[in-house]
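A.B. asks: Please find start.cif (mmCIF, C-alpha atoms) on the next line:
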data_my_file
loop_
_atom_site.label_atom_id
_atom_site.label_comp_id
_atom_site.auth_asym_id
_atom_site.auth_seq_id
_atom_site.Cartn_x
_atom_site.Cartn_y
_atom_site.Cartn_z
CA MET A 1 276.42 -36.42 184.10
CA SER A 2 273.56 -38.45 182.73
CA GLU A 3 271.24 -38.74 179.79
CA PHE A 4 267.60 -39.52 180.51
CA ILE A 5 266.28 -41.52 177.57
CA PRO A 6 262.83 -43.08 177.86
CA PRO A 7 262.15 -46.61 176.59
CA GLY A 8 260.98 -46.81 173.00
CA THR A 9 263.01 -43.82 171.85
CA ARG A 10 264.14 -44.05 168.24
CA PHE A 11 267.22 -42.39 166.78
CA ALA A 12 268.12 -40.82 163.46
CA ALA A 13 271.76 -40.32 162.53
CA LEU A 14 272.51 -36.74 161.54
CA PRO A 15 274.95 -35.71 158.79
CA SER A 16 278.54 -35.93 159.99
CA PRO A 17 279.94 -33.40 160.33
CA LEU A 18 276.86 -31.36 161.21
CA PRO A 19 277.83 -27.66 160.93
CA MET A 20 276.45 -25.49 163.71
CA ARG A 21 275.12 -22.01 162.94
CA ARG A 22 277.40 -20.23 165.41
CA GLY A 23 280.52 -22.21 164.59
CA GLY A 24 281.88 -25.66 165.18
CA ALA A 25 280.36 -28.95 164.14
CA LEU A 26 279.05 -32.20 165.59
CA HIS A 27 280.35 -35.59 164.48
CA GLY A 28 278.27 -38.72 164.77
CA ALA A 29 275.32 -36.81 166.25
CA ARG A 30 271.79 -38.16 166.49
CA LEU A 31 268.23 -36.91 166.93
CA ALA A 32 265.81 -38.75 169.21
CA TYR A 33 262.20 -39.14 168.15
CA GLU A 34 259.03 -41.20 168.49
CA THR A 35 256.12 -41.80 166.13
CA TRP A 36 252.40 -42.60 166.24
CA GLY A 37 250.03 -43.63 163.46
CA ILE A 38 250.85 -44.73 159.93
CA LEU A 39 252.40 -42.71 157.11
CA ASN A 40 250.11 -43.03 154.10
CA ALA A 41 251.23 -43.99 150.60
CA ALA A 42 251.42 -40.35 149.49
CA ALA A 43 253.42 -39.45 152.62
CA ASP A 44 251.24 -36.35 153.03
CA ASN A 45 249.63 -37.00 156.42
CA ALA A 46 252.66 -36.23 158.61
CA VAL A 47 252.44 -33.93 161.63
CA LEU A 48 255.64 -32.88 163.39
CA ILE A 49 255.62 -31.81 167.05
CA LEU A 50 258.51 -29.64 168.24
CA PRO A 51 258.37 -29.44 172.06
CA GLY A 52 259.66 -27.01 174.63
CA LEU A 53 262.98 -27.01 176.46
CA SER A 54 262.55 -29.91 178.88
CA PRO A 55 260.28 -32.61 177.32
CA ASN A 56 261.55 -35.81 175.78
CA ALA A 57 260.16 -37.25 172.55
CA HIS A 58 257.58 -39.34 174.41
CA ALA A 59 254.54 -37.14 173.90
CA ALA A 60 252.08 -40.02 174.36
CA SER A 61 251.95 -43.76 174.97
CA ASN A 62 252.72 -46.03 172.02
CA GLU A 63 253.85 -49.57 171.28
CA GLY A 64 257.44 -48.78 172.20
CA ASN A 65 256.50 -47.26 175.57
CA PRO A 66 253.05 -47.72 177.18
CA GLU A 67 253.71 -45.06 179.84
CA ALA A 68 251.69 -41.86 179.56
CA GLY A 69 253.53 -39.08 177.71
CA TRP A 70 253.80 -35.39 178.44
CA TRP A 71 250.90 -34.57 176.02
CA GLU A 72 248.90 -37.76 176.56
CA GLY A 73 245.53 -36.02 176.62
CA MET A 74 246.14 -34.34 173.27
CA LEU A 75 247.61 -37.11 171.14
CA GLY A 76 246.20 -40.52 170.24
CA PRO A 77 243.33 -42.32 168.48
CA GLY A 78 240.26 -40.08 168.38
CA LYS A 79 242.00 -37.25 170.27
CA ALA A 80 242.67 -33.71 169.06
CA ILE A 81 245.79 -34.91 167.22
CA ASP A 82 244.13 -38.04 165.91
CA THR A 83 246.67 -40.78 165.23
CA ASP A 84 244.04 -42.74 163.29
CA ARG A 85 244.35 -40.01 160.67
CA TRP A 86 247.80 -38.50 161.16
CA PHE A 87 251.31 -39.91 161.19
CA VAL A 88 252.77 -37.97 164.11
CA LEU A 89 256.44 -37.42 164.92
CA CYS A 90 257.79 -35.80 168.05
CA VAL A 91 261.48 -34.98 168.37
CA ASN A 92 263.63 -34.36 171.40
CA PRO A 93 265.46 -31.08 170.76
CA LEU A 94 269.07 -31.20 169.65
CA GLY A 95 271.19 -30.22 172.64
CA SER A 96 268.93 -31.97 175.14
CA CYS A 97 269.84 -34.80 177.50
CA LYS A 98 266.89 -37.02 176.63
CA GLY A 99 268.20 -38.84 173.58
CA SER A 100 269.36 -36.21 171.11
CA THR A 101 273.04 -35.31 171.13
CA GLY A 102 273.84 -32.67 173.74
CA ALA A 103 276.34 -31.64 176.39
CA ALA A 104 275.73 -34.84 178.40
CA SER A 105 276.30 -37.09 175.38
CA PRO A 106 279.60 -38.91 174.81
CA HIS A 107 282.12 -37.02 172.69
CA PRO A 108 283.21 -39.20 169.74
CA ASP A 109 286.89 -38.54 170.44
CA ASP A 110 287.08 -40.01 173.93
CA GLY A 111 283.63 -41.21 175.00
CA GLU A 112 283.52 -38.69 177.83
CA PRO A 113 280.60 -36.24 177.99
CA TYR A 114 280.89 -33.18 175.78
CA ARG A 115 280.27 -30.85 178.71
CA LEU A 116 281.37 -27.37 177.59
CA ARG A 117 283.10 -28.80 174.52
CA PHE A 118 279.63 -28.88 172.95
CA PRO A 119 279.46 -26.15 170.27
CA ASP A 120 277.32 -23.06 170.72
CA LEU A 121 273.74 -24.20 170.17
CA SER A 122 271.09 -22.27 168.25
CA ILE A 123 267.41 -22.87 167.71
CA GLU A 124 268.24 -23.12 164.01
CA ASP A 125 270.54 -26.11 164.61
CA GLY A 126 267.63 -28.06 166.08
CA ALA A 127 265.37 -27.02 163.22
CA ASP A 128 267.91 -28.23 160.65
CA ALA A 129 268.23 -31.55 162.48
CA ALA A 130 264.44 -31.97 162.41
CA ALA A 131 264.38 -31.22 158.68
CA HIS A 132 266.97 -33.95 158.11
CA LEU A 133 264.85 -36.44 160.06
CA ILE A 134 261.76 -35.60 158.02
CA ARG A 135 263.56 -36.21 154.74
CA THR A 136 265.20 -39.38 156.05
CA LEU A 137 261.71 -40.76 156.66
CA GLY A 138 260.74 -40.04 153.05
CA ILE A 139 258.52 -37.05 153.83
CA GLU A 140 258.87 -34.23 151.34
CA ARG A 141 256.25 -32.00 152.91
CA LEU A 142 254.61 -32.07 156.31
CA ASP A 143 250.92 -31.44 156.54
CA THR A 144 251.45 -29.52 159.77
CA VAL A 145 254.29 -28.51 162.06
CA ILE A 146 253.24 -27.87 165.66
CA GLY A 147 255.52 -25.96 168.00
CA ASN A 148 254.99 -25.44 171.73
CA SER A 149 256.90 -22.79 173.71
CA MET A 150 260.56 -23.14 172.64
CA GLY A 151 259.21 -25.49 169.99
CA GLY A 152 257.27 -22.56 168.55
CA MET A 153 260.62 -20.86 167.91
CA SER A 154 261.99 -24.08 166.42
CA ALA A 155 258.97 -24.38 164.13
CA LEU A 156 259.44 -20.84 162.81
CA ALA A 157 263.15 -21.53 162.24
CA LEU A 158 262.21 -24.68 160.32
CA LEU A 159 259.77 -22.77 158.11
CA LEU A 160 262.19 -19.91 157.51
CA ARG A 161 265.17 -22.11 156.67
CA HIS A 162 263.40 -24.86 154.74
CA PRO A 163 260.82 -23.27 152.43
CA GLY A 164 257.90 -25.47 151.53
CA ILE A 165 258.55 -28.03 154.25
CA ALA A 166 255.03 -27.75 155.68
CA ARG A 167 251.56 -26.96 154.41
CA ARG A 168 250.30 -25.59 157.73
CA HIS A 169 251.62 -24.36 161.05
CA LEU A 170 250.18 -24.40 164.56
CA ASN A 171 252.16 -22.21 166.97
CA ILE A 172 251.22 -22.66 170.62
CA SER A 173 252.51 -20.17 173.20
CA GLY A 174 255.54 -19.54 171.03
CA ALA A 175 257.46 -16.49 169.90
CA ALA A 176 259.46 -15.16 166.98
CA ARG A 177 262.04 -13.72 169.38
CA SER A 178 262.64 -13.47 173.10
CA LEU A 179 261.50 -10.37 174.94
CA PRO A 180 263.60 -8.74 177.70
CA PHE A 181 261.54 -10.25 180.54
CA SER A 182 262.02 -13.84 179.40
CA ILE A 183 265.70 -13.19 178.65
CA ALA A 184 266.13 -11.80 182.17
CA ILE A 185 264.49 -14.81 183.79
CA ARG A 186 266.59 -17.29 181.82
CA SER A 187 269.72 -15.26 182.57
CA LEU A 188 269.00 -15.59 186.30
CA GLN A 189 268.39 -19.31 185.89
CA ARG A 190 271.73 -19.78 184.17
CA GLU A 191 273.46 -17.64 186.78
CA ALA A 192 272.00 -19.76 189.59
CA ILE A 193 273.49 -22.88 188.00
CA ARG A 194 276.87 -21.37 187.17
CA LEU A 195 277.32 -19.79 190.63
CA ASP A 196 276.76 -23.11 192.37
CA PRO A 197 280.31 -24.18 193.36
CA MET A 198 279.44 -27.74 192.40
CA TRP A 199 278.93 -26.70 188.78
CA HIS A 200 282.72 -26.33 188.60
CA GLU A 201 282.86 -24.90 185.05
CA GLY A 202 280.68 -27.75 183.83
CA GLN A 203 282.93 -30.46 185.32
CA TYR A 204 280.43 -31.84 187.86
CA SER A 205 279.65 -35.48 188.63
CA GLU A 206 276.78 -37.40 190.17
CA ALA A 207 278.53 -37.15 193.54
CA ARG A 208 279.43 -33.47 193.19
CA TYR A 209 276.40 -32.02 191.43
CA PRO A 210 275.07 -28.42 191.28
CA GLU A 211 271.81 -29.35 192.96
CA ASN A 212 271.18 -26.00 194.65
CA GLY A 213 271.73 -24.09 191.40
CA MET A 214 269.37 -26.37 189.50
CA ARG A 215 266.77 -26.10 192.26
CA MET A 216 266.80 -22.33 192.09
CA ALA A 217 266.77 -22.30 188.30
CA ARG A 218 263.75 -24.60 188.22
CA LYS A 219 261.88 -22.60 190.85
CA LEU A 220 262.37 -19.41 188.85
CA GLY A 221 261.06 -21.16 185.78
CA VAL A 222 258.01 -22.67 187.47
CA VAL A 223 257.00 -19.27 188.89
CA THR A 224 256.84 -17.89 185.32
CA TYR A 225 255.16 -20.95 183.80
CA ARG A 226 251.94 -20.26 185.71
CA SER A 227 250.05 -17.05 186.48
CA ALA A 228 249.59 -15.04 189.66
CA MET A 229 245.88 -15.82 189.36
CA GLU A 230 246.56 -19.53 189.59
CA TRP A 231 249.07 -19.23 192.42
CA ASP A 232 246.49 -17.27 194.43
CA GLY A 233 243.60 -19.61 193.70
CA ARG A 234 245.63 -22.75 194.26
CA PHE A 235 247.57 -21.87 197.39
CA GLY A 236 246.39 -18.54 198.80
CA ARG A 237 248.34 -17.75 201.96
CA VAL A 238 247.99 -21.23 203.44
CA LYS A 239 250.83 -22.12 205.78
CA PHE A 240 252.32 -25.41 206.91
CA GLU A 241 251.12 -27.05 210.04
CA ALA A 242 253.59 -25.96 212.74
CA GLU A 243 254.96 -29.48 213.23
CA CYS A 244 255.71 -29.78 209.48
CA ARG A 245 258.08 -26.81 209.39
CA GLU A 246 261.80 -27.38 209.39
CA ASP A 247 263.90 -25.92 212.18
CA ASP A 248 264.94 -22.90 210.10
CA PRO A 249 263.73 -19.39 210.99
CA PHE A 250 263.93 -18.31 207.32
CA GLY A 251 262.94 -21.61 205.72
CA PRO A 252 259.73 -22.39 203.80
CA GLU A 253 256.57 -21.45 205.65
CA PHE A 254 253.84 -21.25 203.01
CA GLU A 255 252.36 -24.07 200.98
CA VAL A 256 253.39 -22.39 197.73
CA GLU A 257 257.01 -22.55 198.91
CA ARG A 258 256.68 -26.25 199.67
CA TYR A 259 255.16 -26.85 196.23
CA LEU A 260 258.05 -25.08 194.48
CA GLU A 261 260.60 -27.03 196.50
CA GLY A 262 258.99 -30.37 195.74
CA HIS A 263 258.67 -29.56 192.05
CA ALA A 264 262.30 -28.46 191.87
CA ARG A 265 263.63 -31.53 193.64
CA ARG A 266 261.78 -33.80 191.22
CA PHE A 267 263.46 -32.01 188.31
CA VAL A 268 267.06 -31.44 189.35
CA ARG A 269 268.31 -35.00 188.94
CA HIS A 270 266.33 -35.56 185.75
CA PHE A 271 267.83 -32.89 183.53
CA ASP A 272 271.48 -32.23 182.83
CA PRO A 273 272.59 -28.75 184.02
CA ASN A 274 274.88 -28.08 181.06
CA ALA A 275 272.14 -29.07 178.61
CA TYR A 276 269.85 -26.65 180.42
CA LEU A 277 272.39 -23.85 179.95
CA TYR A 278 272.79 -24.51 176.24
CA LEU A 279 269.08 -24.79 175.46
CA SER A 280 268.17 -21.77 177.58
CA ARG A 281 270.71 -19.57 175.81
CA SER A 282 269.57 -20.77 172.37
CA MET A 283 266.13 -19.32 173.13
CA ASP A 284 267.61 -15.93 174.00
CA TRP A 285 269.60 -15.86 170.76
CA PHE A 286 266.76 -16.72 168.39
CA ASP A 287 265.37 -13.77 166.46
CA ALA A 288 263.23 -14.20 163.36
CA ALA A 289 264.17 -10.64 162.38
CA ASP A 290 267.53 -12.05 161.25
CA TYR A 291 265.65 -13.53 158.28
CA ALA A 292 264.04 -10.31 157.08
CA PRO A 293 264.98 -9.58 153.47
CA GLY A 294 268.13 -7.46 153.47
CA ALA A 295 268.45 -7.55 157.26
CA THR A 296 271.85 -7.16 158.85
CA ARG A 297 272.36 -8.02 162.51
CA GLY A 298 272.49 -4.87 164.63
CA ASP A 299 271.67 -2.48 161.78
CA GLY A 300 268.95 -0.74 163.79
CA GLY A 301 265.51 0.02 162.47
CA ASP A 302 262.10 -1.22 163.52
CA GLU A 303 262.75 -4.72 164.87
CA ASP A 304 259.07 -5.68 165.02
CA ALA A 305 258.70 -4.68 161.38
CA LYS A 306 261.66 -6.93 160.56
CA VAL A 307 259.99 -9.86 162.30
CA ILE A 308 256.83 -9.33 160.23
CA ALA A 309 258.91 -9.00 157.05
CA ALA A 310 260.76 -12.24 157.85
CA LEU A 311 257.60 -14.21 158.58
CA ALA A 312 256.04 -12.84 155.40
CA THR A 313 258.63 -14.82 153.42
CA VAL A 314 257.10 -18.09 154.71
CA ARG A 315 254.61 -19.69 152.35
CA LEU A 316 251.84 -21.63 154.08
CA GLU A 317 248.23 -22.42 153.34
CA GLN A 318 247.00 -22.10 156.92
CA ALA A 319 248.37 -21.03 160.28
CA LEU A 320 247.04 -20.64 163.79
CA ALA A 321 248.85 -18.97 166.68
CA ILE A 322 247.34 -19.74 170.08
CA GLY A 323 248.24 -17.77 173.17
CA VAL A 324 247.06 -17.46 176.76
CA ARG A 325 245.95 -14.20 178.31
CA THR A 326 247.76 -14.91 181.59
CA ASP A 327 251.09 -15.95 180.00
CA ILE A 328 253.85 -13.65 181.27
CA LEU A 329 256.73 -15.58 179.70
CA PHE A 330 255.49 -15.57 176.08
CA PRO A 331 252.78 -12.88 176.21
CA LEU A 332 249.88 -12.65 173.80
CA GLN A 333 251.36 -9.98 171.57
CA GLN A 334 254.00 -12.48 170.50
CA GLN A 335 251.49 -14.99 169.15
CA GLU A 336 249.51 -12.16 167.55
CA GLN A 337 252.72 -11.04 165.83
CA ILE A 338 253.30 -14.55 164.47
CA ALA A 339 249.79 -14.71 163.04
CA GLU A 340 250.18 -11.27 161.47
CA GLY A 341 253.52 -12.09 159.87
CA LEU A 342 252.36 -15.39 158.40
CA ARG A 343 249.21 -13.67 157.12
CA ALA A 344 251.41 -11.14 155.34
CA GLY A 345 252.96 -14.09 153.51
CA GLY A 346 249.58 -15.13 152.15
CA ALA A 347 248.50 -17.75 154.67
CA ASP A 348 245.00 -18.04 156.05
CA SER A 349 246.43 -17.13 159.43
CA ARG A 350 244.49 -16.66 162.67
CA PHE A 351 245.31 -15.63 166.21
CA LEU A 352 243.42 -17.24 169.08
CA PRO A 353 243.78 -15.84 172.63
CA LEU A 354 242.54 -18.25 175.30
CA PRO A 355 241.37 -17.15 178.76
CA SER A 356 243.06 -19.92 180.77
CA PRO A 357 244.18 -18.91 184.28
CA GLN A 358 247.15 -21.30 184.07
CA GLY A 359 249.67 -19.14 182.25
CA HIS A 360 252.36 -20.43 179.93
CA ASP A 361 251.86 -24.07 180.92
CA ALA A 362 248.18 -24.00 180.00
CA PHE A 363 248.81 -25.98 176.80
CA LEU A 364 250.00 -28.85 179.01
CA VAL A 365 247.35 -28.73 181.72
CA ASP A 366 244.28 -26.91 180.42
CA LEU A 367 243.39 -29.31 177.59
CA ALA A 368 239.68 -28.55 177.94
CA ARG A 369 240.48 -25.21 176.28
CA PHE A 370 243.34 -26.23 174.02
CA ALA A 371 242.21 -29.56 172.61
CA PRO A 372 239.10 -28.22 170.78
CA ALA A 373 241.15 -25.46 169.14
CA VAL A 374 243.83 -27.93 168.00
CA ALA A 375 241.27 -30.45 166.75
CA ASP A 376 239.38 -27.78 164.84
CA PHE A 377 242.54 -26.54 163.14
CA LEU A 378 243.70 -30.01 162.11
CA ALA A 379 240.24 -30.90 160.81
CA GLY A 380 240.36 -28.01 158.34
#
Before anything else, please render the file you have as structure tokens.
C.D. replies:
Amino acid sequence: MSEFIPPGTRFAALPSPLPMRRGGALHGARLAYETWGILNAAADNAVLILPGLSPNAHAASNEGNPEAGWWEGMLGPGKAIDTDRWFVLCVNPLGSCKGSTGAASPHPDDGEPYRLRFPDLSIEDGADAAAHLIRTLGIERLDTVIGNSMGGMSALALLLRHPGIARRHLNISGAARSLPFSIAIRSLQREAIRLDPMWHEGQYSEARYPENGMRMARKLGVVTYRSAMEWDGRFGRVKFEAECREDDPFGPEFEVERYLEGHARRFVRHFDPNAYLYLSRSMDWFDAADYAPGATRGDGGDEDAKVIAALATVRLEQALAIGVRTDILFPLQQQEQIAEGLRAGGADSRFLPLPSPQGHDAFLVDLARFAPAVADFLAG
């Protein structure tokens, strides 16, 4: 088991013990983060970025790490998230394997990885950890919290659990709860990992590692991160050259298969399988409806109405929910629901559907569409 911590990562100690929403507690836990720009004297120019499941805290190059980050084209001097104006923080989610305490981290009792001793992880646990970091840095109120994908869930949890912590919110391809399709996909991903004999109830090693399970889990994910339109335009039905095919009558034959295999192999040894299981399940569990006034888990009723009622308790000045028309994992109606709920709470809240052909991952790769929308919101 390994952690994958980029150079320049900074760490904030979390309260010890740190109670977890679903039971148990962490002792001596930490949250990994990076920063860009300068916090002004009033400490009112802070922007927090909460990323998706797999990114580290290195969203863009900085003095601590000159390598390009996962959102390099969006963040920096003069860019959409202008670090000449904003003090920007990006955190690695609690439960990850890229700096924040997770299943691959050493347990304080014996120094061995937590593995399945790690407590049940919720989106809310990560949101609470981020709130602690913000206050540790002397920031009483963020100007804006930005959440991408799973980070959109984390941002809503932060706003629901810590009233007044932000003036504005930008939700990008996020959701207030998981829909059955995305739950089903993540369930299959987790099953692929757990059914790999090398997973061994979480007791794998570098030498005996559930590589096949992780490969399949990643392939399933990548298929849903893009759209059928992009797969068709990018690969069509192009096949390998005959001499490039492996000697396997049922092996990969089309270029799209080769792409998925290459992408998966680049991922499998750079993300801890147990951390993947914990973070994936936390997304399935999150439901903003739990925060509706008077709501009781499982009490029936109109669940969408509960989501709107919960989001209406959040007090913001402005909000923007951006979605992509071709996103099958977090479809447009979910971002529209976020905008509606925050508007019900009194925010100047807008919904922006973008026509990118690149599906859920468009916010990472289609910056020509996303960057102007982000820049315009932050300039307001």
A.B. asks: Nearest to Leu75 in chain A: which of A:Phe377, A:Arg265, A:Ala371, A:His132 is it, counting all atoms listed in the file?
C.D. replies: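 For Leu75 in chain A, the nearest of the candidates is A:Ala371.
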A.B. asks: Which residues, protein or nucleic acid, reach to within 8 Å of (248.4, -14.0, 162.0) in the file's coordinates when using only C-alpha atoms, and can you give that as JSON, numbers by chain?
C.D. replies: {"A": [319, 320, 321, 335, 336, 337, 338, 339, 340, 341, 342, 343, 344, 348, 349, 350, 351]}
A.B. asks: Would you translate the PyMOL selection byres ((chain A and resi 18-32) around 10) into the concrete set of residues it matches in this file, as an MDAnalysis selection string?
C.D. replies: chainID A and resid 5 9:17 33:34 56:58 90:96 98:102 105:109 117:126 128:130 132:133
A.B. asks: Given the file shown, determine the residues that the PyMOL selection byres ((chain A and resi 63) around 10) selects; report them as an MDAnalysis selection string.
C.D. replies: chainID A and resid 8 35:36 61:62 64:67
A.B. asks: May I have the residues within 8 Å of Phe235 in chain A as a list in words, using all atoms listed in the file and disregarding those fewer than 3 positions away in the same chain?
C.D. replies: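 That gives Trp231, Asp232, Val238, Glu255 and Val256 of chain A.
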A.B. asks: Could you produce a table of the residues of range 10-109 of chain A lying within 12 Å of range 174-184 of chain A, with the nearest pair of atoms per residue and their separation in Å rounded to one decimal, using all atoms listed in the file, ordered by chain and increasing residue number, as a Markdown table?
C.D. replies:
| residue | atom | partner | partner_atom | distance |
| --- | --- | --- | --- | --- |
| A:Leu50 | CA | A:Gly174 | CA | 10.9 |
| A:Pro51 | CA | A:Gly174 | CA | 10.3 |
| A:Gly52 | CA | A:Gly174 | CA | 9.3 |
| A:Leu53 | CA | A:Gly174 | CA | 11.9 |
